[in-house]
$ cat entry.cif   # mmCIF, C-alpha atoms and all ligand atoms
data_upload
#
loop_
_atom_site.label_atom_id
_atom_site.label_comp_id
_atom_site.auth_asym_id
_atom_site.auth_seq_id
_atom_site.Cartn_x
_atom_site.Cartn_y
_atom_site.Cartn_z
CA MET A 1 -11.13 9.16 6.78
CA ALA A 2 -7.89 10.12 8.49
CA ILE A 3 -5.76 7.45 10.17
CA VAL A 4 -3.70 8.29 13.25
CA PHE A 5 -1.26 6.10 15.18
CA LYS A 6 -0.24 7.36 18.62
CA GLU A 7 2.73 5.59 20.19
CA VAL A 8 1.43 2.21 19.05
CA ASN A 9 3.15 -0.84 20.49
CA TYR A 10 2.14 -4.36 19.65
CA SER A 11 3.54 -7.53 21.15
CA TYR A 12 2.70 -10.99 19.99
CA GLN A 13 1.87 -13.26 22.95
CA SER A 14 2.31 -10.33 25.33
CA LYS A 15 2.56 -11.30 28.99
CA THR A 16 4.13 -14.68 28.13
CA PRO A 17 7.82 -15.67 28.04
CA ASN A 18 7.50 -15.88 24.24
CA ALA A 19 6.41 -12.23 23.94
CA PHE A 20 7.78 -10.64 20.80
CA GLN A 21 7.40 -6.95 20.04
CA LEU A 22 6.29 -6.40 16.45
CA LEU A 23 5.49 -2.66 16.58
CA LYS A 24 7.55 -0.19 18.60
CA ASN A 25 6.19 3.28 19.40
CA VAL A 26 4.77 3.85 15.95
CA SER A 27 3.24 7.31 15.48
CA PHE A 28 2.01 8.95 12.26
CA ARG A 29 -0.97 10.67 10.68
CA LEU A 30 -2.42 9.97 7.24
CA ALA A 31 -4.76 12.63 5.90
CA ASP A 32 -8.26 11.83 4.67
CA GLY A 33 -8.08 10.99 0.96
CA SER A 34 -4.31 10.40 0.88
CA PHE A 35 -2.46 7.56 -0.86
CA THR A 36 0.41 6.17 1.20
CA ALA A 37 2.90 3.42 0.41
CA LEU A 38 4.08 1.32 3.35
CA ILE A 39 7.54 -0.06 2.65
CA GLY A 40 10.29 -1.94 4.46
CA GLN A 41 11.97 -5.32 4.35
CA THR A 42 10.03 -8.55 4.81
CA GLY A 43 9.36 -8.94 8.54
CA SER A 44 9.57 -5.18 9.24
CA GLY A 45 5.96 -5.08 10.48
CA LYS A 46 3.92 -3.88 7.48
CA THR A 47 1.16 -6.50 7.70
CA THR A 48 1.02 -6.16 11.48
CA LEU A 49 0.56 -2.40 11.10
CA LEU A 50 -2.22 -2.78 8.51
CA LYS A 51 -4.12 -5.21 10.74
CA HIS A 52 -4.35 -2.50 13.42
CA ILE A 53 -6.38 -0.22 11.16
CA ASN A 54 -9.44 -2.46 11.02
CA GLY A 55 -9.02 -3.79 14.54
CA LEU A 56 -7.90 -7.29 13.51
CA LEU A 57 -5.09 -6.59 15.97
CA LYS A 58 -5.33 -4.11 18.83
CA PRO A 59 -2.40 -2.12 20.20
CA SER A 60 -0.85 -3.54 23.36
CA ARG A 61 -0.13 0.10 24.23
CA GLY A 62 -1.05 3.35 22.48
CA GLN A 63 -3.97 4.23 20.23
CA VAL A 64 -5.06 3.87 16.64
CA ILE A 65 -7.64 6.46 15.58
CA VAL A 66 -9.61 5.88 12.40
CA GLY A 67 -12.07 8.67 11.62
CA ASP A 68 -13.55 9.20 15.07
CA GLN A 69 -13.14 5.60 16.24
CA ILE A 70 -10.40 5.07 18.83
CA ILE A 71 -8.88 1.58 19.02
CA SER A 72 -6.90 0.65 22.10
CA SER A 73 -6.19 -2.54 24.01
CA LYS A 74 -9.58 -2.08 25.71
CA THR A 75 -11.74 -1.77 22.58
CA SER A 76 -14.31 -4.57 22.30
CA GLU A 77 -15.18 -6.45 19.10
CA LYS A 78 -18.68 -4.97 19.26
CA ASP A 79 -17.25 -1.45 19.06
CA LEU A 80 -15.43 -2.37 15.86
CA ALA A 81 -18.46 -3.33 13.75
CA ASP A 82 -19.00 0.16 12.27
CA LEU A 83 -15.31 0.62 11.64
CA ARG A 84 -15.10 -2.61 9.66
CA LYS A 85 -17.81 -1.38 7.29
CA ASN A 86 -15.62 1.58 6.42
CA VAL A 87 -12.32 -0.23 6.09
CA GLY A 88 -11.69 -2.57 3.16
CA PHE A 89 -8.74 -4.92 3.57
CA LEU A 90 -7.24 -6.70 0.58
CA PHE A 91 -5.08 -9.40 2.14
CA GLN A 92 -1.91 -10.68 0.57
CA PHE A 93 -2.73 -13.27 -2.11
CA PRO A 94 -6.47 -12.60 -1.56
CA GLU A 95 -7.49 -15.09 -4.25
CA THR A 96 -6.85 -17.88 -1.74
CA GLN A 97 -9.92 -16.59 0.12
CA LEU A 98 -12.42 -16.76 -2.73
CA PHE A 99 -14.98 -19.28 -1.56
CA ALA A 100 -18.41 -18.96 -3.24
CA PRO A 101 -19.55 -21.24 -6.10
CA THR A 102 -19.45 -18.38 -8.63
CA VAL A 103 -17.55 -15.12 -9.01
CA LEU A 104 -20.79 -13.13 -8.88
CA GLN A 105 -21.85 -14.73 -5.59
CA ASP A 106 -18.40 -14.20 -4.13
CA VAL A 107 -18.31 -10.49 -4.92
CA ALA A 108 -21.96 -9.97 -3.86
CA PHE A 109 -21.30 -11.59 -0.48
CA GLY A 110 -19.87 -8.41 1.12
CA PRO A 111 -22.65 -5.98 0.20
CA GLU A 112 -25.30 -8.59 1.08
CA ASN A 113 -23.63 -9.14 4.43
CA PHE A 114 -23.77 -5.37 5.03
CA GLY A 115 -27.54 -5.29 4.46
CA GLN A 116 -28.19 -5.01 0.70
CA THR A 117 -30.90 -7.21 -0.83
CA LYS A 118 -29.61 -10.03 -3.02
CA PRO A 119 -30.54 -8.37 -6.37
CA SER A 120 -29.02 -5.06 -5.33
CA ALA A 121 -25.87 -6.77 -3.99
CA GLU A 122 -25.49 -8.55 -7.34
CA GLN A 123 -26.01 -5.26 -9.16
CA ILE A 124 -23.21 -3.65 -7.11
CA ALA A 125 -21.02 -6.71 -7.68
CA LYS A 126 -21.43 -6.53 -11.45
CA LYS A 127 -20.78 -2.79 -11.52
CA THR A 128 -17.62 -3.22 -9.46
CA LEU A 129 -16.27 -6.09 -11.57
CA GLU A 130 -16.94 -4.09 -14.72
CA MET A 131 -15.09 -1.07 -13.33
CA LEU A 132 -12.08 -3.31 -12.68
CA GLY A 133 -12.02 -4.53 -16.25
CA PHE A 134 -12.93 -8.06 -15.20
CA ASP A 135 -13.83 -10.43 -18.04
CA MET A 136 -17.63 -10.43 -17.59
CA THR A 137 -18.07 -13.70 -19.51
CA LEU A 138 -16.60 -15.39 -16.41
CA LEU A 139 -19.24 -14.04 -14.01
CA ASN A 140 -20.91 -17.38 -13.36
CA GLN A 141 -17.73 -19.43 -13.37
CA SER A 142 -16.25 -20.89 -10.24
CA PRO A 143 -13.40 -18.65 -9.01
CA ILE A 144 -11.19 -21.76 -9.11
CA ASN A 145 -11.37 -21.80 -12.92
CA LEU A 146 -9.99 -18.26 -13.36
CA SER A 147 -6.46 -17.20 -14.19
CA GLY A 148 -4.41 -15.72 -11.34
CA GLY A 149 -4.91 -12.17 -12.64
CA GLN A 150 -8.70 -12.54 -12.96
CA GLN A 151 -8.83 -14.14 -9.50
CA ARG A 152 -6.99 -11.14 -8.03
CA LEU A 153 -9.48 -8.77 -9.70
CA ALA A 154 -12.42 -10.80 -8.34
CA ALA A 155 -10.98 -10.63 -4.81
CA LEU A 156 -10.41 -6.90 -5.14
CA ALA A 157 -13.97 -6.45 -6.42
CA GLY A 158 -15.22 -8.25 -3.29
CA VAL A 159 -13.50 -5.64 -1.13
CA LEU A 160 -14.54 -2.62 -3.22
CA ALA A 161 -18.16 -3.79 -3.47
CA THR A 162 -18.60 -2.97 0.22
CA GLU A 163 -17.80 0.67 -0.67
CA PRO A 164 -15.17 1.29 2.00
CA GLN A 165 -13.76 4.75 2.75
CA ILE A 166 -10.36 3.32 3.62
CA LEU A 167 -8.59 0.74 1.49
CA LEU A 168 -5.80 -1.34 3.02
CA LEU A 169 -3.75 -3.20 0.43
CA ASP A 170 -1.19 -5.83 1.40
CA GLU A 171 1.21 -6.24 -1.53
CA PRO A 172 -1.69 -6.04 -4.02
CA THR A 173 0.40 -6.49 -7.17
CA ALA A 174 2.72 -9.26 -5.91
CA GLY A 175 2.73 -12.13 -8.41
CA LEU A 176 0.64 -10.30 -11.04
CA ASP A 177 1.86 -9.95 -14.60
CA PRO A 178 3.23 -6.43 -15.27
CA SER A 179 0.30 -5.22 -17.36
CA THR A 180 -2.35 -6.34 -14.82
CA ALA A 181 -0.22 -4.87 -12.02
CA LYS A 182 -0.06 -1.52 -13.80
CA ARG A 183 -3.81 -1.55 -14.51
CA VAL A 184 -4.57 -2.26 -10.85
CA MET A 185 -2.26 0.54 -9.67
CA ILE A 186 -3.92 3.04 -12.03
CA LEU A 187 -7.27 1.92 -10.68
CA PHE A 188 -6.20 2.51 -7.05
CA LYS A 189 -5.09 6.03 -7.98
CA LYS A 190 -8.45 6.63 -9.66
CA LEU A 191 -10.31 5.40 -6.55
CA GLN A 192 -8.32 7.80 -4.43
CA GLN A 193 -8.94 10.75 -6.71
CA GLU A 194 -12.54 10.11 -7.73
CA LYS A 195 -14.00 8.40 -4.65
CA HIS A 196 -11.75 10.15 -2.17
CA LEU A 197 -10.60 6.84 -0.64
CA THR A 198 -7.78 6.90 1.87
CA ILE A 199 -5.34 4.22 0.72
CA LEU A 200 -2.51 2.54 2.59
CA MET A 201 -0.60 0.01 0.49
CA ALA A 202 2.18 -2.27 1.71
CA THR A 203 4.49 -2.88 -1.23
CA HIS A 204 7.96 -3.93 -2.35
CA ASP A 205 7.43 -2.15 -5.68
CA MET A 206 9.38 1.09 -5.31
CA ASP A 207 8.55 2.12 -8.89
CA ALA A 208 4.84 2.01 -8.00
CA ALA A 209 5.44 3.80 -4.68
CA ALA A 210 7.31 6.59 -6.49
CA GLU A 211 4.70 6.93 -9.19
CA PHE A 212 1.43 6.58 -7.30
CA ALA A 213 1.85 7.41 -3.60
CA ASP A 214 1.63 10.91 -2.11
CA GLN A 215 3.78 9.82 0.77
CA ILE A 216 5.70 6.84 2.09
CA LEU A 217 6.05 5.20 5.48
CA LEU A 218 9.32 3.28 5.89
CA MET A 219 9.41 0.50 8.50
CA GLN A 220 12.32 -1.39 9.92
CA GLN A 221 12.10 -4.02 12.67
CA GLY A 222 8.76 -2.75 13.94
CA LYS A 223 9.81 0.91 13.99
CA LEU A 224 8.72 3.71 11.71
CA VAL A 225 12.04 5.00 10.35
CA LYS A 226 10.73 7.84 8.19
CA GLN A 227 7.55 9.37 6.78
CA ALA A 228 8.11 11.49 3.68
CA ALA A 229 6.97 12.29 0.15
CA PRO A 230 8.53 9.93 -2.44
CA LYS A 231 10.78 12.69 -3.83
CA ASP A 232 12.33 13.15 -0.37
CA MET A 233 12.28 9.51 0.79
CA PHE A 234 14.31 8.29 -2.18
CA GLN A 235 17.15 10.77 -1.51
CA GLU A 236 18.16 8.80 1.61
CA LYS A 237 21.32 7.14 0.29
CA GLU A 238 22.48 6.27 3.79
CA LEU A 239 19.31 4.19 4.42
CA VAL A 240 19.89 2.47 1.07
CA PHE A 241 23.47 1.70 2.03
CA GLN A 242 22.19 0.16 5.29
CA LYS A 243 19.73 -1.93 3.22
CA ILE A 244 16.76 -0.43 5.08
CA LEU A 245 15.45 1.38 2.00
CA ALA A 246 15.09 0.08 -1.58
CA LEU A 247 14.90 2.45 -4.55
CA PRO A 248 12.98 2.86 -7.81
CA LYS A 249 14.89 1.54 -10.85
CA VAL A 250 15.55 5.00 -12.28
CA THR A 251 16.99 6.20 -8.97
CA THR A 252 19.36 3.22 -8.76
CA PHE A 253 20.42 3.87 -12.35
CA ALA A 254 21.15 7.53 -11.56
CA ILE A 255 23.26 6.59 -8.53
CA ARG A 256 25.31 4.14 -10.64
CA PHE A 257 25.69 6.71 -13.38
CA ALA A 258 26.80 9.32 -10.85
CA ALA A 259 29.33 6.93 -9.31
CA LYS A 260 30.89 6.25 -12.74
CA THR A 261 30.96 9.87 -13.85
CA GLY A 262 31.60 11.59 -10.53
CA TYR A 263 28.46 13.60 -11.11
CA THR A 264 26.92 13.43 -7.66
CA ASN A 265 25.79 16.91 -6.79
CA GLN A 266 22.15 16.95 -7.74
CA LYS A 267 18.83 15.64 -6.53
CA LEU A 268 18.16 12.01 -7.47
CA PRO A 269 15.39 11.35 -10.01
CA ILE A 270 12.40 9.14 -9.10
CA SER A 271 10.64 9.09 -12.50
CA GLU A 272 11.79 8.55 -16.10
CA LYS A 273 11.08 12.19 -16.86
CA GLU A 274 13.31 13.30 -14.00
CA LEU A 275 15.98 10.81 -15.05
CA ILE A 276 16.12 12.38 -18.51
CA SER A 277 16.68 15.88 -17.08
CA PHE A 278 19.22 14.44 -14.62
CA LEU A 279 21.22 12.92 -17.49
CA GLN A 280 20.90 16.02 -19.66
CA ARG A 281 22.24 18.20 -16.87
CA ALA A 282 24.97 15.70 -15.99
CA LEU A 283 26.14 15.43 -19.61
CA SER A 284 26.34 19.19 -20.00
CA GLN A 285 28.53 19.65 -16.92
CA ASP A 286 31.84 18.35 -15.70
CA PRO A 287 31.94 16.62 -12.26
CA SER A 288 32.82 19.88 -10.50
CA GLY A 289 29.39 21.13 -11.52
CA LYS A 290 30.83 23.65 -14.02
CA GLU A 291 28.93 24.02 -17.28
CA THR A 292 30.93 22.81 -20.28
CA THR A 293 28.37 23.60 -22.92
CA PRO A 294 26.81 27.04 -23.00
CA HIS A 295 23.06 27.46 -22.57
CA ALA A 296 21.07 28.31 -25.66
N1 LIG B 1 1.89 -14.66 14.80
C1 LIG B 1 3.18 -14.34 14.93
N2 LIG B 1 3.95 -14.81 15.92
C2 LIG B 1 5.24 -14.46 16.06
N3 LIG B 1 5.86 -13.64 15.24
C3 LIG B 1 5.16 -13.16 14.23
C4 LIG B 1 3.79 -13.45 14.02
N4 LIG B 1 3.35 -12.81 12.92
C5 LIG B 1 4.41 -12.12 12.47
N5 LIG B 1 5.49 -12.34 13.25
C6 LIG B 1 6.81 -11.73 13.06
O1 LIG B 1 6.63 -10.35 13.13
C7 LIG B 1 7.47 -9.67 12.27
C8 LIG B 1 6.69 -8.69 11.42
O2 LIG B 1 5.83 -9.41 10.60
P1 LIG B 1 4.93 -8.76 9.46
O3 LIG B 1 4.06 -7.70 10.03
O4 LIG B 1 4.24 -9.89 8.77
O5 LIG B 1 6.02 -8.09 8.50
P2 LIG B 1 5.96 -7.69 6.94
O6 LIG B 1 4.53 -7.65 6.54
O7 LIG B 1 6.65 -6.37 6.87
O8 LIG B 1 6.72 -8.75 6.22
C9 LIG B 1 8.21 -10.73 11.50
O9 LIG B 1 9.49 -10.89 12.09
C10 LIG B 1 7.38 -11.97 11.71
O10 LIG B 1 8.18 -13.14 11.67
MG MG B 2 3.50 -8.67 5.07
#
$ encode --input "entry.cif" --output "structure tokens"
Amino acid sequence: MAIVFKEVNYSYQSKTPNAFQLLKNVSFRLADGSFTALIGQTGSGKTTLLKHINGLLKPSRGQVIVGDQIISSKTSEKDLADLRKNVGFLFQFPETQLFAPTVLQDVAFGPENFGQTKPSAEQIAKKTLEMLGFDMTLLNQSPINLSGGQQRLAALAGVLATEPQILLLDEPTAGLDPSTAKRVMILFKKLQQEKHLTILMATHDMDAAAEFADQILLMQQGKLVKQAAPKDMFQEKELVFQKILALPKVTTFAIRFAAKTGYTNQKLPISEKELISFLQRALSQDPSGKETTPHA
């Protein structure tokens, strides 16, 4: 399902003296089946933006369009029921919301709530947990007894078990160990490619954004600063200088290398593979860009 924002404004406590504008004229379009990273400093409005896509928050002005559902300030809760079946939202630190006596019951809750019989909901729950690489010996344990990584997988399974078409992820790898984080990112990419999910992921992990996202939305103080593919977004040195944009590790390394060597006249790398070619080219040229070693 495509996601469209049209001039979306959102104020907290609008119409009171404490009104505070969290989103300012935000407009963008995300294609059906795309994988987008939502980046920006803490407090830039990422979570607020995500909450507009399943109607947890409604625009004070403007429209959010998800598939063919239009959400505006006038949309009623009743009108949002269908939308919420299609939009899965993994909140930040979702493990704090695990509540059932066992993992299996927790994950089966969503599908059961959406009309599956208990046995079929449990079937879906098991299948989903298995797909995530969850340790199936823990199925009948209380979620409280799991490690942080297994808890995160259980919470994610609860969202995926409802078979959403859109997946909203709020800093899904924050606090995970690197190997679980990587596994989860690879899984999101697989869900996009194989199940055609539309994914929007708020993240501070620029390495993951560079590697997995098709495009990036950059927020600052409630405004959308730029929408671009990773390879174009991470060329914006001026935004980095202003501390609006962070960079993948390899890109930062290349900028430091270029500053030391004076080799500044080529596109910045965003992957290790690109970094290697960047260094090879840099080492075969002098800073003026002239080749010092002949081509084979
Ligand atoms: N309920 C609220 N009342 C007042 N201000 C809020 C509320 N929720 C968030 N904010 C403020 O809105 C801004 C954007 O918040 P948020 O969307 O959570 O940003 P992010 O997810 O990018 O860190 C922050 O400055 C935050 O302090
Ligand atoms: Mg947030």
$ residues_near_ligand --input "entry.cif" --ligand "ligand MG 2 (chain B)" --cutoff "7 Å" --atoms "all atoms listed in the file" --output "list in words"
Thr42, Gly43, Gly45, Lys46, Thr47 and Asp170 of chain A
$ residues_near_ligand --input "entry.cif" --ligand "ligand LIG 1 (chain B)" --cutoff "9 Å" --atoms "only C-alpha atoms and all ligand atoms" --output "ChimeraX atom specification"
/A:11-13,18-23,38-51,170-171,202,219-222
$ write_last_selection --input "entry.cif" --atoms "C-alpha atoms" --output "mmCIF file, keeping the file's coordinate frame"
data_model
loop_
_atom_site.group_PDB
_atom_site.id
_atom_site.type_symbol
_atom_site.label_atom_id
_atom_site.label_comp_id
_atom_site.auth_asym_id
_atom_site.auth_seq_id
_atom_site.Cartn_x
_atom_site.Cartn_y
_atom_site.Cartn_z
ATOM 1 C CA SER A 11 3.540 -7.530 21.150
ATOM 2 C CA TYR A 12 2.700 -10.990 19.990
ATOM 3 C CA GLN A 13 1.870 -13.260 22.950
ATOM 4 C CA ASN A 18 7.500 -15.880 24.240
ATOM 5 C CA ALA A 19 6.410 -12.230 23.940
ATOM 6 C CA PHE A 20 7.780 -10.640 20.800
ATOM 7 C CA GLN A 21 7.400 -6.950 20.040
ATOM 8 C CA LEU A 22 6.290 -6.400 16.450
ATOM 9 C CA LEU A 23 5.490 -2.660 16.580
ATOM 10 C CA LEU A 38 4.080 1.320 3.350
ATOM 11 C CA ILE A 39 7.540 -0.060 2.650
ATOM 12 C CA GLY A 40 10.290 -1.940 4.460
ATOM 13 C CA GLN A 41 11.970 -5.320 4.350
ATOM 14 C CA THR A 42 10.030 -8.550 4.810
ATOM 15 C CA GLY A 43 9.360 -8.940 8.540
ATOM 16 C CA SER A 44 9.570 -5.180 9.240
ATOM 17 C CA GLY A 45 5.960 -5.080 10.480
ATOM 18 C CA LYS A 46 3.920 -3.880 7.480
ATOM 19 C CA THR A 47 1.160 -6.500 7.700
ATOM 20 C CA THR A 48 1.020 -6.160 11.480
ATOM 21 C CA LEU A 49 0.560 -2.400 11.100
ATOM 22 C CA LEU A 50 -2.220 -2.780 8.510
ATOM 23 C CA LYS A 51 -4.120 -5.210 10.740
ATOM 24 C CA ASP A 170 -1.190 -5.830 1.400
ATOM 25 C CA GLU A 171 1.210 -6.240 -1.530
ATOM 26 C CA ALA A 202 2.180 -2.270 1.710
ATOM 27 C CA MET A 219 9.410 0.500 8.500
ATOM 28 C CA GLN A 220 12.320 -1.390 9.920
ATOM 29 C CA GLN A 221 12.100 -4.020 12.670
ATOM 30 C CA GLY A 222 8.760 -2.750 13.940
#
$ atom_distance --input "entry.cif" --atom1 "atom CA of A:Phe234" --atom2 "atom CA of A:Ile270"
7.2 Å
$ residues_around --input "entry.cif" --residues "A:Leu83" --least-positions-apart "2" --cutoff "12 Å" --atoms "all atoms listed in the file" --output "ChimeraX atom specification"
/A:1,3,52-56,64-71,75-81,85-89,164-166
$ closest_residue --input "entry.cif" --among "A:Glu211, A:Glu95, A:Asp135, A:Asp82" --to "A:Lys273" --atoms "all atoms listed in the file"
A:Glu211
$ residues_around --input "entry.cif" --residues "A:Val8" --least-positions-apart "6" --cutoff "6 Å" --atoms "only C-alpha atoms" --output "VMD selection string"
chain A and resid 25 to 26 59 61 to 63
$ closest_residue --input "entry.cif" --among "A:Leu168, A:Ala229, A:Ala161, A:Met131" --to "A:Met201" --atoms "only C-alpha atoms"
A:Leu168
